[in-house]
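Trainee: Please read through the structure below; I'll follow up with questions.
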Amino acid sequence: MVCGALLLIPITATGAAEATADVGRSLHAGLAASQWVVNAFFLTFASLMAGTGSLADRIGRRRMFTGGLAVFTASMLVAALAPDIGTLVAARLLAGAGAAAATTGGSALLAAAFP
């Protein structure tokens, strides 16, 4: 499960970059707003990696992984159903936070399982 999640997160992150123009057309948004769909995810993902890794040491790797995966999954569901660009950007922002938690927790679980 951890390997599947760690494979799915980068695919989901980069897929939005390919669809930026189509997303903008579908939601009647300009280029700058459409680019925030990608930027919001990567901004929160990158900025929270160290913090979620440290938090995983305190609350537990498995808890961090499952909590991050739950936030990521719920956020991506909201993103898929987003009626406007603001909702989509907010969902991607939360998805980045969940992805950071799932990645750090999952990586720590794998490191512990295979010393």
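By convention in this document, the chains of the structure tokens carry letters A, B, ... by their order, each chain's residues are numbered from 1, and ligands are numbered from 1 in the order they are shown.
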If you count only C-alpha atoms, which residues fall within 12 Å of Ala32 of chain A, apart from same-chain ones fewer than 4 positions away, as a PyMOL selection string?
Mentor: chain A and resi 20-21+23-24+28+36-40+85+89
Trainee: Find the spatial neighbours of segment 90-97 of chain A, counting only C-alpha atoms, within a cut-off of 7 Å - ignore same-chain residues fewer than 3 positions away - and output them as a PyMOL selection string.
Mentor: chain A and resi 37+40-42+44-45+48+71-72+75-76+78-79+86-87+100-101
Trainee: Select, from A:Met64, A:Ser47, A:Ile59, A:Ala99, the residue with the minimum atom-to-atom distance to Ile11 of chain A, counting only C-alpha atoms.
Mentor: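 Closest residue, counting only C-alpha atoms: A:Ala99.
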Trainee: Pick the closest to Ala82 of chain A from A:Met49, A:Gly15, A:Leu27, A:Asp22: which is it, counting only C-alpha atoms?
Mentor: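 Counting only C-alpha atoms, the residue closest to Ala82 of chain A is A:Leu27.
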Trainee: Rank nothing, just name the residue among A:Leu81, A:Ala111, A:Ala29, A:Leu43 nearest to Ala13 of chain A, using only C-alpha atoms.
Mentor: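 For Ala13 of chain A, the nearest of the candidates is A:Leu43.
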Trainee: Might you pull out every residue within 10 Å of Asp57 of chain A, with only C-alpha atoms counted and same-chain residues fewer than 3 positions away left off, and present them as a ChimeraX atom specification?
Mentor: /A:52-54,60-61,64,104-105,108
Trainee: Would you write out those residues with C-alpha atoms, as a compact mmCIF listing (two decimals), in the first residue's frame?
Mentor:
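Generated file (again.txt):
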# COMPACT_ATOMS: atom_id res chain seq x y z
CA THR A 52 5.47 16.34 8.58
CA GLY A 53 8.60 14.21 8.85
CA SER A 54 9.33 15.62 12.28
CA GLY A 60 3.98 7.77 14.66
CA ARG A 61 4.87 6.91 11.10
CA MET A 64 1.13 10.16 9.69
CA THR A 104 7.19 11.31 4.82
CA GLY A 105 5.21 8.78 6.83
CA ALA A 108 9.73 6.25 7.17
Trainee: One decimal, in Å: what's the spacing between atom CA of Ala5 of chain A and atom CA of Gly106 of chain A?
Mentor: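 Going from atom CA of Ala5 of chain A over to atom CA of Gly106 of chain A covers 8.1 Å.
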Trainee: Using only C-alpha atoms, find the one residue out of A:Val2, A:Leu7, A:Ala102, A:Ala17 that sits nearest to Thr73 of chain A.
Mentor: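 Ranking A:Val2, A:Leu7, A:Ala102, A:Ala17 by distance to Thr73 of chain A, first place goes to A:Ala102.
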Trainee: Can you tell me how far atom CA of Phe114 of chain A sits from atom CA of Gly67 of chain A, in Å to one decimal?
Mentor: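 Pair atom CA of Phe114 of chain A / atom CA of Gly67 of chain A returns 22.2 Å.
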Trainee: Considering only C-alpha atoms, state which residue in the set A:Ala113, A:Ala19, A:Ala56, A:Ala46 is at the smallest distance from Gly68 of chain A.
Mentor: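 Counting only C-alpha atoms, the residue closest to Gly68 of chain A is A:Ala56.
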Trainee: Choose the residue, out of A:Leu8, A:Cys3, A:Leu88, A:Leu77, that has the smallest atom-to-atom separation from Ser34 of chain A; count only C-alpha atoms.
Mentor: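 Closest to Ser34 of chain A, using only C-alpha atoms: A:Leu88.
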